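Here's structure.cif, which has mmCIF, C-alpha atoms:
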data_model
loop_
_atom_site.label_atom_id
_atom_site.label_comp_id
_atom_site.auth_asym_id
_atom_site.auth_seq_id
_atom_site.Cartn_x
_atom_site.Cartn_y
_atom_site.Cartn_z
CA MET A 130 0.00 0.00 0.00
CA ALA A 131 1.27 3.47 -0.83
CA SER A 132 2.53 5.60 2.02
CA LYS A 133 0.07 8.13 3.41
CA THR A 134 2.82 10.75 3.22
CA ALA A 135 3.31 10.24 -0.52
CA THR A 136 2.58 13.26 -2.66
CA HIS A 137 1.02 13.24 -6.09
CA PRO A 138 0.24 15.89 -8.71
CA VAL A 139 -2.37 18.30 -7.35
CA LEU A 140 -5.69 18.85 -9.11
CA GLY A 141 -7.38 22.07 -8.04
CA THR A 142 -11.13 22.50 -7.66
CA ARG A 143 -11.66 23.89 -11.16
CA ALA A 144 -9.54 21.16 -12.72
CA LEU A 145 -11.64 18.53 -10.93
CA ASN A 146 -14.78 20.33 -12.01
CA ARG A 147 -13.82 20.31 -15.69
CA ALA A 148 -12.68 16.68 -15.56
CA THR A 149 -15.97 15.56 -14.01
CA LEU A 150 -18.06 17.60 -16.45
CA ALA A 151 -16.16 16.10 -19.37
CA ARG A 152 -16.89 12.55 -18.13
CA GLN A 153 -20.52 13.50 -17.60
CA LEU A 154 -20.94 14.80 -21.19
CA LEU A 155 -21.66 18.26 -19.79
CA LEU A 156 -18.80 20.21 -21.34
CA ARG A 157 -19.94 19.22 -24.82
CA ARG A 158 -23.10 17.37 -25.74
CA ALA A 159 -22.19 14.03 -27.25
CA PRO A 160 -23.01 13.67 -30.97
CA ARG A 161 -25.51 10.91 -31.62
CA ALA A 162 -23.19 9.01 -33.97
CA GLU A 163 -20.67 8.97 -31.13
CA MET A 164 -23.02 8.19 -28.25
CA PRO A 165 -26.41 6.54 -28.87
CA VAL A 166 -28.90 6.70 -25.99
CA ALA A 167 -28.20 3.18 -24.69
CA ALA A 168 -24.45 3.84 -24.80
CA ALA A 169 -24.93 7.05 -22.81
CA VAL A 170 -26.98 5.26 -20.14
CA ALA A 171 -24.23 2.65 -19.89
CA HIS A 172 -21.40 5.21 -19.83
CA LEU A 173 -23.10 7.17 -17.03
CA VAL A 174 -23.60 3.89 -15.12
CA GLY A 175 -27.30 4.62 -14.87
CA LEU A 176 -29.53 7.63 -14.31
CA GLN A 177 -31.19 8.54 -11.03
CA ALA A 178 -34.90 7.84 -11.50
CA GLN A 179 -36.97 8.24 -8.35
CA ASN A 180 -39.42 10.08 -10.59
CA VAL A 181 -40.27 9.30 -14.21
CA LYS A 182 -38.97 12.41 -15.98
CA PRO A 183 -35.45 12.97 -14.54
CA PRO A 184 -33.66 10.39 -16.75
CA TYR A 185 -35.08 12.07 -19.85
CA TYR A 186 -33.95 15.54 -18.80
CA ALA A 187 -30.57 14.17 -17.72
CA LEU A 188 -30.00 12.82 -21.23
CA ASP A 189 -31.27 16.02 -22.85
CA ALA A 190 -28.52 17.91 -21.00
CA ARG A 191 -25.88 15.51 -22.32
CA LEU A 192 -26.80 14.41 -25.85
CA GLU A 193 -27.26 16.31 -29.08
CA ALA A 194 -30.78 16.26 -30.53
CA PHE A 195 -32.12 13.95 -27.82
CA ASP A 196 -35.64 12.68 -28.46
CA PRO A 197 -37.32 11.39 -25.28
CA GLN A 198 -39.16 8.74 -27.26
CA GLU A 199 -35.80 7.05 -27.88
CA LEU A 200 -35.39 6.18 -24.20
CA SER A 201 -39.04 5.09 -24.03
CA THR A 202 -38.53 2.80 -27.00
CA LEU A 203 -35.50 1.19 -25.33
CA MET A 204 -37.54 0.70 -22.17
CA GLU A 205 -40.44 -0.91 -24.03
CA ALA A 206 -37.97 -3.19 -25.84
CA ARG A 207 -36.53 -4.18 -22.43
CA GLU A 208 -33.10 -2.89 -23.35
CA VAL A 209 -33.19 -0.55 -20.34
CA GLY A 210 -35.09 -0.83 -17.07
CA ARG A 211 -35.79 0.78 -13.71
CA LEU A 212 -34.74 -0.83 -10.43
CA VAL A 213 -33.07 -0.14 -7.07
CA THR A 214 -29.28 -0.10 -7.26
CA MET A 215 -26.93 2.53 -5.84
CA ARG A 216 -27.84 4.30 -2.59
CA SER A 217 -31.09 2.30 -2.35
CA THR A 218 -32.68 4.45 -5.04
CA ILE A 219 -34.36 3.71 -8.35
CA HIS A 220 -32.04 4.06 -11.35
CA THR A 221 -32.57 3.65 -15.07
CA HIS A 222 -29.95 1.19 -16.33
CA THR A 223 -29.24 -0.84 -19.41
CA ALA A 224 -30.45 -4.43 -19.16
CA ASP A 225 -26.83 -5.57 -18.79
CA ASP A 226 -26.30 -3.23 -15.85
CA CYS A 227 -29.57 -4.19 -14.18
CA LEU A 228 -28.24 -7.73 -14.09
CA ARG A 229 -24.64 -6.74 -13.27
CA LEU A 230 -24.87 -3.87 -10.78
CA ARG A 231 -27.64 -5.09 -8.51
CA PRO A 232 -25.62 -8.13 -7.40
CA LEU A 233 -22.64 -5.81 -6.85
CA VAL A 234 -24.54 -3.56 -4.41
CA GLN A 235 -26.38 -6.41 -2.68
CA PRO A 236 -24.22 -6.04 0.48
CA ALA A 237 -25.59 -2.51 0.86
CA ARG A 238 -29.15 -3.82 0.50
CA ASP A 239 -28.38 -6.45 3.15
CA ARG A 240 -27.23 -3.71 5.56
CA GLU A 241 -30.37 -1.74 4.83
CA LEU A 242 -32.55 -4.77 5.55
CA ALA A 243 -30.77 -5.36 8.87
CA GLN A 244 -32.21 -2.04 10.09
CA PHE A 245 -35.73 -3.52 9.87
CA ARG A 246 -35.15 -6.82 11.66
CA ALA A 247 -37.30 -5.71 14.62
CA GLY A 248 -40.33 -5.81 12.34
CA LEU A 249 -39.34 -9.19 10.88
CA VAL A 250 -39.15 -11.34 14.00
CA GLY A 251 -40.04 -14.91 13.06
CA VAL A 252 -39.77 -14.21 9.32
CA ASP A 253 -37.65 -16.69 7.35
CA LEU A 254 -35.98 -14.29 4.91
CA GLN A 255 -34.96 -17.02 2.48
CA ARG A 256 -38.53 -18.27 2.33
CA LEU A 257 -39.80 -14.70 1.98
CA ALA A 258 -37.47 -14.11 -0.99
CA ALA A 259 -38.59 -17.36 -2.63
CA LEU A 260 -42.29 -16.56 -2.12
CA ALA A 261 -41.88 -12.98 -3.34
CA ARG A 262 -40.02 -14.18 -6.44
CA GLU A 263 -42.75 -16.71 -7.21
CA LEU A 264 -45.46 -14.06 -6.82
CA VAL A 265 -43.91 -11.35 -9.02
CA GLU A 266 -42.70 -13.79 -11.66
CA GLU A 267 -46.20 -15.25 -11.90
CA GLU A 268 -47.39 -11.75 -12.83
CA PRO A 269 -46.07 -8.23 -12.13
CA ARG A 270 -47.54 -6.95 -8.89
CA THR A 271 -47.77 -3.67 -7.02
CA MET A 272 -45.89 -3.44 -3.76
CA LYS A 273 -49.24 -3.32 -1.95
CA GLU A 274 -50.31 -6.59 -3.58
CA LEU A 275 -46.98 -8.19 -2.77
CA ARG A 276 -47.04 -6.97 0.82
CA GLU A 277 -50.58 -8.27 1.41
CA ALA A 278 -49.64 -11.67 0.00
CA LEU A 279 -46.62 -11.85 2.32
CA LEU A 280 -48.71 -10.76 5.31
CA ALA A 281 -50.85 -13.85 4.81
CA HIS A 282 -47.76 -15.91 5.70
CA TRP A 283 -46.44 -13.61 8.47
CA PRO A 284 -49.45 -11.72 9.90
CA ASP A 285 -47.52 -10.50 12.96
CA ALA A 286 -44.73 -8.90 10.93
CA ASP A 287 -44.51 -5.18 10.26
CA PRO A 288 -46.04 -4.63 6.80
CA PHE A 289 -43.50 -2.01 5.78
CA ALA A 290 -40.63 -4.22 6.89
CA LEU A 291 -42.00 -7.00 4.68
CA SER A 292 -41.96 -4.59 1.74
CA VAL A 293 -38.36 -3.61 2.49
CA ALA A 294 -37.39 -7.27 2.78
CA ALA A 295 -38.81 -8.05 -0.66
CA ARG A 296 -37.17 -4.99 -2.24
CA CYS A 297 -33.80 -5.66 -0.62
CA SER A 298 -33.78 -9.39 -1.29
CA LEU A 299 -34.77 -9.33 -4.96
CA PRO A 300 -33.80 -7.24 -8.03
CA LEU A 301 -37.30 -5.87 -8.66
CA VAL A 302 -37.81 -4.06 -11.96
CA GLN A 303 -40.60 -1.55 -12.52
CA VAL A 304 -42.36 -2.87 -15.62
CA THR A 305 -43.69 -0.65 -18.39
CA PRO A 306 -45.72 1.47 -18.96
CA ARG A 307 -44.18 2.91 -15.79
CA GLY A 308 -41.27 5.11 -16.78
CA LEU A 309 -42.36 5.80 -20.36
CA TRP A 310 -42.35 9.34 -21.72
CA GLY A 311 -45.79 10.94 -21.93
CA ARG A 312 -47.54 7.94 -20.42
CA SER A 313 -48.50 6.93 -16.92
CA GLY A 314 -48.65 3.64 -15.15
CA GLN A 315 -48.83 2.18 -11.69
CA VAL A 316 -45.59 0.79 -10.26
CA ARG A 317 -45.73 -2.96 -10.90
CA LEU A 318 -42.77 -5.17 -10.20
CA THR A 319 -41.17 -8.35 -11.43
CA THR A 320 -37.64 -9.69 -11.17
CA ALA A 321 -34.86 -8.48 -13.44
CA GLU A 322 -34.27 -12.08 -14.52
CA ARG A 323 -37.89 -12.52 -15.63
CA TRP A 324 -38.12 -9.10 -17.30
CA PHE A 325 -34.89 -9.40 -19.27
CA GLY A 326 -35.10 -13.15 -19.83
CA ARG A 327 -31.65 -14.08 -18.48
CA PRO A 328 -29.91 -14.57 -15.14
CA SER A 329 -28.13 -11.97 -13.06
CA GLU A 330 -24.36 -12.13 -12.80
CA SER A 331 -23.36 -14.40 -9.95
CA ALA A 332 -19.86 -12.96 -9.36
CA PRO A 333 -19.94 -9.13 -9.48
CA ASP A 334 -16.72 -7.51 -10.67
CA ALA A 335 -15.88 -4.72 -8.21
CA GLU A 336 -12.75 -3.74 -10.15
CA ASP A 337 -14.79 -3.19 -13.30
CA ALA A 338 -17.26 -1.08 -11.28
CA VAL A 339 -14.42 1.12 -10.01
CA ARG A 340 -13.08 1.66 -13.53
CA ARG A 341 -16.52 2.53 -14.84
CA TYR A 342 -17.13 4.89 -11.94
CA LEU A 343 -13.87 6.70 -12.65
CA ALA A 344 -14.75 6.92 -16.35
CA ALA A 345 -18.02 8.66 -15.48
CA PHE A 346 -17.20 10.58 -12.28
CA GLY A 347 -13.41 10.67 -11.83
CA PRO A 348 -10.88 11.62 -10.69
CA ALA A 349 -12.18 10.37 -7.35
CA SER A 350 -11.26 9.11 -3.92
CA VAL A 351 -12.14 5.80 -2.31
CA LYS A 352 -14.77 7.61 -0.22
CA ASP A 353 -16.24 9.14 -3.37
CA PHE A 354 -16.74 5.67 -4.84
CA GLN A 355 -18.29 4.47 -1.60
CA THR A 356 -20.70 7.41 -1.56
CA TRP A 357 -21.79 6.63 -5.11
CA SER A 358 -22.12 2.88 -4.67
CA GLY A 359 -23.18 2.55 -1.04
CA LEU A 360 -20.46 -0.09 -0.60
CA THR A 361 -17.92 -0.13 2.21
CA ARG A 362 -14.38 -1.49 2.63
CA THR A 363 -13.41 -0.92 -0.98
CA ARG A 364 -9.90 0.40 -0.34
CA GLU A 365 -8.41 -2.99 -1.21
CA VAL A 366 -10.10 -2.88 -4.63
CA PHE A 367 -8.39 0.44 -5.39
CA GLU A 368 -5.08 -0.92 -4.13
CA ARG A 369 -5.30 -3.86 -6.52
CA LEU A 370 -5.95 -1.42 -9.34
CA ARG A 371 -3.39 1.19 -8.25
CA PRO A 372 -0.56 0.04 -10.59
CA GLY A 373 -2.78 0.67 -13.61
CA LEU A 374 -4.31 3.95 -12.43
CA ALA A 375 -3.18 7.56 -12.45
CA VAL A 376 -2.94 8.97 -8.92
CA PHE A 377 -3.41 12.62 -7.94
CA GLN A 378 -4.40 14.54 -4.86
CA ASP A 379 -6.75 17.45 -4.32
CA GLU A 380 -5.89 20.76 -2.68
CA HIS A 381 -6.59 19.22 0.74
CA GLY A 382 -4.23 16.29 0.27
CA VAL A 383 -6.91 13.67 -0.41
CA GLU A 384 -5.69 10.93 -2.75
CA LEU A 385 -7.58 10.73 -6.03
CA PHE A 386 -7.54 7.88 -8.56
CA ASP A 387 -8.22 8.05 -12.27
CA LEU A 388 -7.98 6.17 -15.52
CA PRO A 389 -4.70 7.15 -17.19
CA ASP A 390 -6.24 8.16 -20.52
CA ALA A 391 -9.44 9.76 -19.19
CA PRO A 392 -10.05 13.41 -20.16
CA ARG A 393 -8.73 16.04 -17.78
CA PRO A 394 -9.33 19.36 -19.53
CA ASP A 395 -7.58 22.56 -18.61
CA ALA A 396 -9.14 24.30 -15.62
CA ASP A 397 -9.98 27.32 -17.80
CA THR A 398 -11.96 25.29 -20.36
CA PRO A 399 -15.33 27.03 -20.90
CA ALA A 400 -18.28 25.23 -19.31
CA PRO A 401 -21.69 26.02 -20.83
CA ALA A 402 -24.87 26.52 -18.83
CA ARG A 403 -26.74 23.26 -18.26
CA LEU A 404 -30.16 22.48 -16.78
CA LEU A 405 -30.26 19.27 -14.74
CA PRO A 406 -33.20 17.34 -13.29
CA GLU A 407 -33.77 16.72 -9.61
CA PHE A 408 -31.57 13.99 -8.13
CA ASP A 409 -29.05 14.18 -10.99
CA ASN A 410 -26.16 11.84 -10.22
CA LEU A 411 -23.65 14.60 -11.00
CA LEU A 412 -24.45 16.16 -7.60
CA LEU A 413 -24.84 12.94 -5.59
CA SER A 414 -21.83 10.81 -6.47
CA HIS A 415 -18.92 12.24 -4.47
CA ALA A 416 -18.24 12.38 -0.75
CA ASP A 417 -16.60 15.78 -1.32
CA ARG A 418 -18.81 17.87 -3.61
CA ARG A 419 -16.70 21.02 -3.60
CA ARG A 420 -15.74 20.32 -7.22
CA LEU A 421 -19.35 21.21 -8.10
CA VAL A 422 -20.93 23.03 -5.15
CA SER A 423 -19.45 26.08 -3.45
CA ALA A 424 -19.64 26.37 0.33
CA GLY A 425 -22.23 29.14 0.09
CA HIS A 426 -24.59 27.04 -2.01
CA LYS A 427 -24.67 23.87 0.08
CA GLY A 428 -28.16 22.81 1.10
CA LEU A 429 -29.99 25.10 -1.32
CA THR A 430 -31.26 22.34 -3.62
CA TRP A 431 -33.48 20.64 -1.00
CA ARG A 432 -36.44 21.55 1.18
CA GLY A 433 -37.45 18.71 3.46
CA ASN A 434 -37.76 15.67 1.20
CA GLN A 435 -38.22 17.82 -1.92
CA ALA A 436 -35.29 18.11 -4.33
CA TYR A 437 -35.22 20.91 -6.88
CA CYS A 438 -34.09 20.79 -10.47
CA THR A 439 -30.78 22.65 -10.73
CA PHE A 440 -28.64 24.53 -13.22
CA LEU A 441 -24.93 25.03 -13.70
CA LEU A 442 -23.07 28.22 -14.60
CA ASP A 443 -19.37 28.05 -15.34
CA GLY A 444 -19.58 24.39 -14.36
CA PHE A 445 -20.80 24.95 -10.79
CA LEU A 446 -24.20 24.70 -9.12
CA ALA A 447 -25.75 28.14 -9.53
CA GLY A 448 -29.52 27.88 -9.02
CA THR A 449 -32.74 25.94 -9.37
CA TRP A 450 -35.47 25.78 -11.98
CA ARG A 451 -39.01 24.52 -12.23
CA LEU A 452 -41.25 23.59 -15.13
CA GLU A 453 -44.95 24.41 -15.23
CA GLU A 454 -46.87 22.60 -17.96
CA THR A 455 -50.31 22.49 -19.48
CA ALA A 456 -51.41 20.62 -22.56
CA ASP A 457 -50.37 23.57 -24.75
CA THR A 458 -47.78 25.53 -22.78
CA ALA A 459 -44.47 25.01 -21.01
CA THR A 460 -42.89 27.62 -18.74
CA VAL A 461 -39.46 27.37 -17.12
CA THR A 462 -38.73 29.61 -14.15
CA LEU A 463 -35.04 30.02 -13.25
CA GLU A 464 -34.07 31.06 -9.70
CA PRO A 465 -30.34 31.80 -9.38
CA PHE A 466 -28.48 31.69 -6.07
CA ASP A 467 -26.54 34.85 -6.96
CA ALA A 468 -27.44 37.67 -9.33
CA PRO A 469 -26.33 36.54 -12.82
CA THR A 470 -24.63 38.83 -15.28
CA ARG A 471 -26.48 39.85 -18.42
CA ALA A 472 -24.43 37.37 -20.44
CA GLN A 473 -25.26 34.59 -17.98
CA ARG A 474 -28.98 35.40 -18.12
CA GLU A 475 -28.89 35.20 -21.89
CA GLU A 476 -26.98 31.91 -21.80
CA LEU A 477 -29.40 30.39 -19.29
CA ALA A 478 -32.45 31.58 -21.20
CA GLY A 479 -31.05 30.15 -24.42
CA GLU A 480 -30.38 26.79 -22.77
CA ALA A 481 -33.88 26.68 -21.27
CA GLU A 482 -35.47 27.51 -24.62
CA ARG A 483 -33.40 24.82 -26.33
CA MET A 484 -34.57 22.29 -23.76
CA LEU A 485 -38.22 23.24 -24.20
CA ARG A 486 -38.05 23.00 -27.98
CA GLY A 487 -36.75 19.46 -27.71
CA MET A 488 -38.75 18.16 -24.76
CA ARG A 489 -42.03 19.99 -25.35
CA ALA A 490 -42.12 20.33 -29.12
CA GLY A 491 -45.34 21.96 -30.28
CA ALA A 492 -46.08 23.69 -26.98
CA ALA A 493 -45.87 27.44 -26.47
CA HIS A 494 -42.66 28.18 -24.55
CA GLU A 495 -41.78 30.82 -21.99
CA VAL A 496 -38.64 31.31 -19.88
CA ARG A 497 -38.80 33.48 -16.77
CA PHE A 498 -36.36 34.51 -14.07
CA GLY A 499 -37.55 34.32 -10.48
CA PRO A 500 -36.02 36.04 -7.46
CA VAL A 501 -32.40 35.50 -6.53
CA ARG A 502 -32.69 32.75 -3.90
CA GLY A 503 -29.49 33.66 -2.08
CA ALA A 504 -30.45 37.32 -1.76
#
Reformat the file's structure so that it appears as structure tokens.
Amino acid sequence: MASKTATHPVLGTRALNRATLARQLLLRRAPRAEMPVAAAVAHLVGLQAQNVKPPYYALDARLEAFDPQELSTLMEAREVGRLVTMRSTIHTHTADDCLRLRPLVQPARDRELAQFRAGLVGVDLQRLAALARELVEEEPRTMKELREALLAHWPDADPFALSVAARCSLPLVQVTPRGLWGRSGQVRLTTAERWFGRPSESAPDAEDAVRRYLAAFGPASVKDFQTWSGLTRTREVFERLRPGLAVFQDEHGVELFDLPDAPRPDADTPAPARLLPEFDNLLLSHADRRRLVSAGHKGLTWRGNQAYCTFLLDGFLAGTWRLEETADTATVTLEPFDAPTRAQREELAGEAERMLRGMRAGAAHEVRFGPVRGA
């Protein structure tokens, strides 16, 4: 293991910012010939998807001429799907990653389940998993239907704990029409194996996961990877990979790992304005978020359990936005944290109008500026 006193080339905050934005396809939208939708979902190692729309807006911020129906088509064809993976949250993944990443993060789901053991006294968890699998593979079921069926076997158990046990024990996919663009559907669940018609990987490759994380979010520390994945005790994985990785440190002396040939643009590289959905992985995938969020803007993207859509200026978190829609109109209201310059207002307005033209084609568009939230 390398000495803790070893020094490595230093990457400042702006250099880390530009490197991360480049990996995230946010310095330059990826041309479609270069990055089809499925390839982008795979490169980003999934898209945060607690709600239906965020994955679509996340791709719109990253791909040229993105058509939301493209992601819907992939979902209907079962080439992508929605299930719980990192940080116990729903993500949109390729079919391959649904079957590859869920086994990788299973230890985190096991730790989560352990928190609910008080409500599962007398419950045979192996039998519960087998029964739940049989039920959802017979036909997709809502969580309420699944919970009620399990309660028939364990009437004294806590109903919510039974739901958690099923969700943590099995890779449950939300079946379509849930998740499709412009359509609605109740959350119904089946297993990833049944939905995609093939088994999950039995031996997850943690080293491959680290490389893919660095390709999408690097340069990064061991703690950054653990924040993203929810896994613990991964230092030894990085140590096995160390000989083939580039090693840096940030301005605070924290060791950062990276792929040797990954893009690390100059710190002065221009970063265009970008509108991101709520829960975008860009802002959730590092233990130290100073590369993206200044100290004065911490905590401004949440209120209680509500997360706001956000926007970037010069590569850093700079405000929130909201979309108000009717059948015929779409209005974006931008609320900056600090008073923007005239050039920044024009850049933001142009980016919002571009988004509306692509995502709400045919609707009347309007872009407004709300009050400065930090004022």
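If you look at CA of Asp397 (chain A) and CA of Leu145 (chain A), they are 11.3 Å away from each other.
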Using the chain letters and numbering of this document, enumerate as an MDAnalysis selection string the residues selected by the PyMOL selection byres ((chain A and resi 270) around 10). chainID A and resid 261 264:269 271:276 303:304 315:319
Put those residues in a file: C-alpha atoms, as a compact mmCIF listing (two decimals), in the frame of the given file.
# COMPACT_ATOMS: atom_id res chain seq x y z
CA ALA A 261 -41.88 -12.98 -3.34
CA LEU A 264 -45.46 -14.06 -6.82
CA VAL A 265 -43.91 -11.35 -9.02
CA GLU A 266 -42.70 -13.79 -11.66
CA GLU A 267 -46.20 -15.25 -11.90
CA GLU A 268 -47.39 -11.75 -12.83
CA PRO A 269 -46.07 -8.23 -12.13
CA THR A 271 -47.77 -3.67 -7.02
CA MET A 272 -45.89 -3.44 -3.76
CA LYS A 273 -49.24 -3.32 -1.95
CA GLU A 274 -50.31 -6.59 -3.58
CA LEU A 275 -46.98 -8.19 -2.77
CA ARG A 276 -47.04 -6.97 0.82
CA GLN A 303 -40.60 -1.55 -12.52
CA VAL A 304 -42.36 -2.87 -15.62
CA GLN A 315 -48.83 2.18 -11.69
CA VAL A 316 -45.59 0.79 -10.26
CA ARG A 317 -45.73 -2.96 -10.90
CA LEU A 318 -42.77 -5.17 -10.20
CA THR A 319 -41.17 -8.35 -11.43
| Spatial neighbours of Ala168 (chain A), 10 Å, only C-alpha atoms, chain gap at least 6 places, as an NGL selection string | :A and (161 or 174 or 223)
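Shortest atom-to-atom contact with Val351 (chain A) among A:Asp467, A:Glu163, A:Asp387, A:Glu322: A:Asp387, counting only C-alpha atoms.
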* Can you tell me, as a list in words, what residues are no more than 9 Å from Asp189 (chain A) when counting all atoms listed in the file, ignoring any on the same chain fewer than 2 positions away? -> Arg158, Pro184, Tyr185, Tyr186, Ala187, Arg191, Leu192, Glu193, Ala194, Phe195, Asp196, Pro197, Leu404, Leu405, Met484, Gly487 and Met488 of chain A
Residue contacts of Leu260 (chain A) (12 Å, all atoms listed in the file) excluding same-chain residues fewer than 4 positions away, as a ChimeraX atom specification:
/A:252-256,264-267,275-276,278-283,291,294-295,298-299
Take the PyMOL selection byres ((chain A and resi 494) around 8), run it mentally on this structure, and tell me the resulting residues as a PDB file with C-alpha atoms, in the frame of the given file.
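As a result, expr_12.pdb now contains:
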ATOM      1  CA  THR A 458     -47.780  25.530 -22.780  1.00  0.00           C
ATOM      2  CA  ALA A 459     -44.470  25.010 -21.010  1.00  0.00           C
ATOM      3  CA  THR A 460     -42.890  27.620 -18.740  1.00  0.00           C
ATOM      4  CA  GLU A 482     -35.470  27.510 -24.620  1.00  0.00           C
ATOM      5  CA  LEU A 485     -38.220  23.240 -24.200  1.00  0.00           C
ATOM      6  CA  ARG A 486     -38.050  23.000 -27.980  1.00  0.00           C
ATOM      7  CA  ALA A 492     -46.080  23.690 -26.980  1.00  0.00           C
ATOM      8  CA  ALA A 493     -45.870  27.440 -26.470  1.00  0.00           C
ATOM      9  CA  GLU A 495     -41.780  30.820 -21.990  1.00  0.00           C
ATOM     10  CA  VAL A 496     -38.640  31.310 -19.880  1.00  0.00           C
TER      11      VAL A 496
END
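For the structure in this document, the set picked by the PyMOL selection byres ((chain A and resi 227-237) around 6) is Thr214, His222, Ala224, Asp225, Asp226, Arg238, Asp239, Arg240, Ser329, Glu330, Pro333, Gly359 and Leu360 of chain A.
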Please produce a file of the residues just selected, as a PDB file, keeping the file's coordinate frame, where the atoms kept are C-alpha atoms.
ATOM      1  CA  THR A 214     -29.280  -0.100  -7.260  1.00  0.00           C
ATOM      2  CA  HIS A 222     -29.950   1.190 -16.330  1.00  0.00           C
ATOM      3  CA  ALA A 224     -30.450  -4.430 -19.160  1.00  0.00           C
ATOM      4  CA  ASP A 225     -26.830  -5.570 -18.790  1.00  0.00           C
ATOM      5  CA  ASP A 226     -26.300  -3.230 -15.850  1.00  0.00           C
ATOM      6  CA  ARG A 238     -29.150  -3.820   0.500  1.00  0.00           C
ATOM      7  CA  ASP A 239     -28.380  -6.450   3.150  1.00  0.00           C
ATOM      8  CA  ARG A 240     -27.230  -3.710   5.560  1.00  0.00           C
ATOM      9  CA  SER A 329     -28.130 -11.970 -13.060  1.00  0.00           C
ATOM     10  CA  GLU A 330     -24.360 -12.130 -12.800  1.00  0.00           C
ATOM     11  CA  PRO A 333     -19.940  -9.130  -9.480  1.00  0.00           C
ATOM     12  CA  GLY A 359     -23.180   2.550  -1.040  1.00  0.00           C
ATOM     13  CA  LEU A 360     -20.460  -0.090  -0.600  1.00  0.00           C
TER      14      LEU A 360
END
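Going from CA of Phe325 (chain A) to CA of Thr221 (chain A) covers 13.9 Å.
If you measure from each of A:Pro138, A:Pro469, A:Gly444, A:Pro500 to Arg419 (chain A) using all atoms listed in the file, the closest one turns out to be A:Gly444.
Checking A:Ser217, A:Thr470, A:Thr305, A:Asn146 one by one against Thr398 (chain A), counting all atoms listed in the file, you find the shortest gap at A:Asn146.
Within 10 Å of the point (-29.4, 5.1, -12.3), counting all atoms listed in the file, the protein and nucleic acid residues come to A:Val170, A:Ala171, A:Leu173, A:Val174, A:Gly175, A:Leu176, A:Gln177, A:Ala178, A:Gln179, A:Pro184, A:Gly210, A:Arg211, A:Leu212, A:Val213, A:Thr214, A:Met215, A:Arg216, A:Thr218, A:Ile219, A:His220, A:Thr221, A:His222, A:Thr223, A:Asp226, A:Cys227, A:Asp409, A:Asn410.
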Restricted to C-alpha atoms, what would the selected residues look like written as a PDB file, keeping the file's coordinate frame?
ATOM      1  CA  VAL A 170     -26.980   5.260 -20.140  1.00  0.00           C
ATOM      2  CA  ALA A 171     -24.230   2.650 -19.890  1.00  0.00           C
ATOM      3  CA  LEU A 173     -23.100   7.170 -17.030  1.00  0.00           C
ATOM      4  CA  VAL A 174     -23.600   3.890 -15.120  1.00  0.00           C
ATOM      5  CA  GLY A 175     -27.300   4.620 -14.870  1.00  0.00           C
ATOM      6  CA  LEU A 176     -29.530   7.630 -14.310  1.00  0.00           C
ATOM      7  CA  GLN A 177     -31.190   8.540 -11.030  1.00  0.00           C
ATOM      8  CA  ALA A 178     -34.900   7.840 -11.500  1.00  0.00           C
ATOM      9  CA  GLN A 179     -36.970   8.240  -8.350  1.00  0.00           C
ATOM     10  CA  PRO A 184     -33.660  10.390 -16.750  1.00  0.00           C
ATOM     11  CA  GLY A 210     -35.090  -0.830 -17.070  1.00  0.00           C
ATOM     12  CA  ARG A 211     -35.790   0.780 -13.710  1.00  0.00           C
ATOM     13  CA  LEU A 212     -34.740  -0.830 -10.430  1.00  0.00           C
ATOM     14  CA  VAL A 213     -33.070  -0.140  -7.070  1.00  0.00           C
ATOM     15  CA  THR A 214     -29.280  -0.100  -7.260  1.00  0.00           C
ATOM     16  CA  MET A 215     -26.930   2.530  -5.840  1.00  0.00           C
ATOM     17  CA  ARG A 216     -27.840   4.300  -2.590  1.00  0.00           C
ATOM     18  CA  THR A 218     -32.680   4.450  -5.040  1.00  0.00           C
ATOM     19  CA  ILE A 219     -34.360   3.710  -8.350  1.00  0.00           C
ATOM     20  CA  HIS A 220     -32.040   4.060 -11.350  1.00  0.00           C
ATOM     21  CA  THR A 221     -32.570   3.650 -15.070  1.00  0.00           C
ATOM     22  CA  HIS A 222     -29.950   1.190 -16.330  1.00  0.00           C
ATOM     23  CA  THR A 223     -29.240  -0.840 -19.410  1.00  0.00           C
ATOM     24  CA  ASP A 226     -26.300  -3.230 -15.850  1.00  0.00           C
ATOM     25  CA  CYS A 227     -29.570  -4.190 -14.180  1.00  0.00           C
ATOM     26  CA  ASP A 409     -29.050  14.180 -10.990  1.00  0.00           C
ATOM     27  CA  ASN A 410     -26.160  11.840 -10.220  1.00  0.00           C
TER      28      ASN A 410
END
Could you list as an MDAnalysis selection string every residue that has an atom within 8 Å of (-25.9, 23.4, -12.5), using the file's coordinates and counting all atoms listed in the file?
-> chainID A and resid 402:405 439:442 444:449
Using only C-alpha atoms, please write the residues we just selected to a file, as an mmCIF file, keeping the file's coordinate frame.
data_model
loop_
_atom_site.group_PDB
_atom_site.id
_atom_site.type_symbol
_atom_site.label_atom_id
_atom_site.label_comp_id
_atom_site.auth_asym_id
_atom_site.auth_seq_id
_atom_site.Cartn_x
_atom_site.Cartn_y
_atom_site.Cartn_z
ATOM 1 C CA ALA A 402 -24.870 26.520 -18.830
ATOM 2 C CA ARG A 403 -26.740 23.260 -18.260
ATOM 3 C CA LEU A 404 -30.160 22.480 -16.780
ATOM 4 C CA LEU A 405 -30.260 19.270 -14.740
ATOM 5 C CA THR A 439 -30.780 22.650 -10.730
ATOM 6 C CA PHE A 440 -28.640 24.530 -13.220
ATOM 7 C CA LEU A 441 -24.930 25.030 -13.700
ATOM 8 C CA LEU A 442 -23.070 28.220 -14.600
ATOM 9 C CA GLY A 444 -19.580 24.390 -14.360
ATOM 10 C CA PHE A 445 -20.800 24.950 -10.790
ATOM 11 C CA LEU A 446 -24.200 24.700 -9.120
ATOM 12 C CA ALA A 447 -25.750 28.140 -9.530
ATOM 13 C CA GLY A 448 -29.520 27.880 -9.020
ATOM 14 C CA THR A 449 -32.740 25.940 -9.370
#
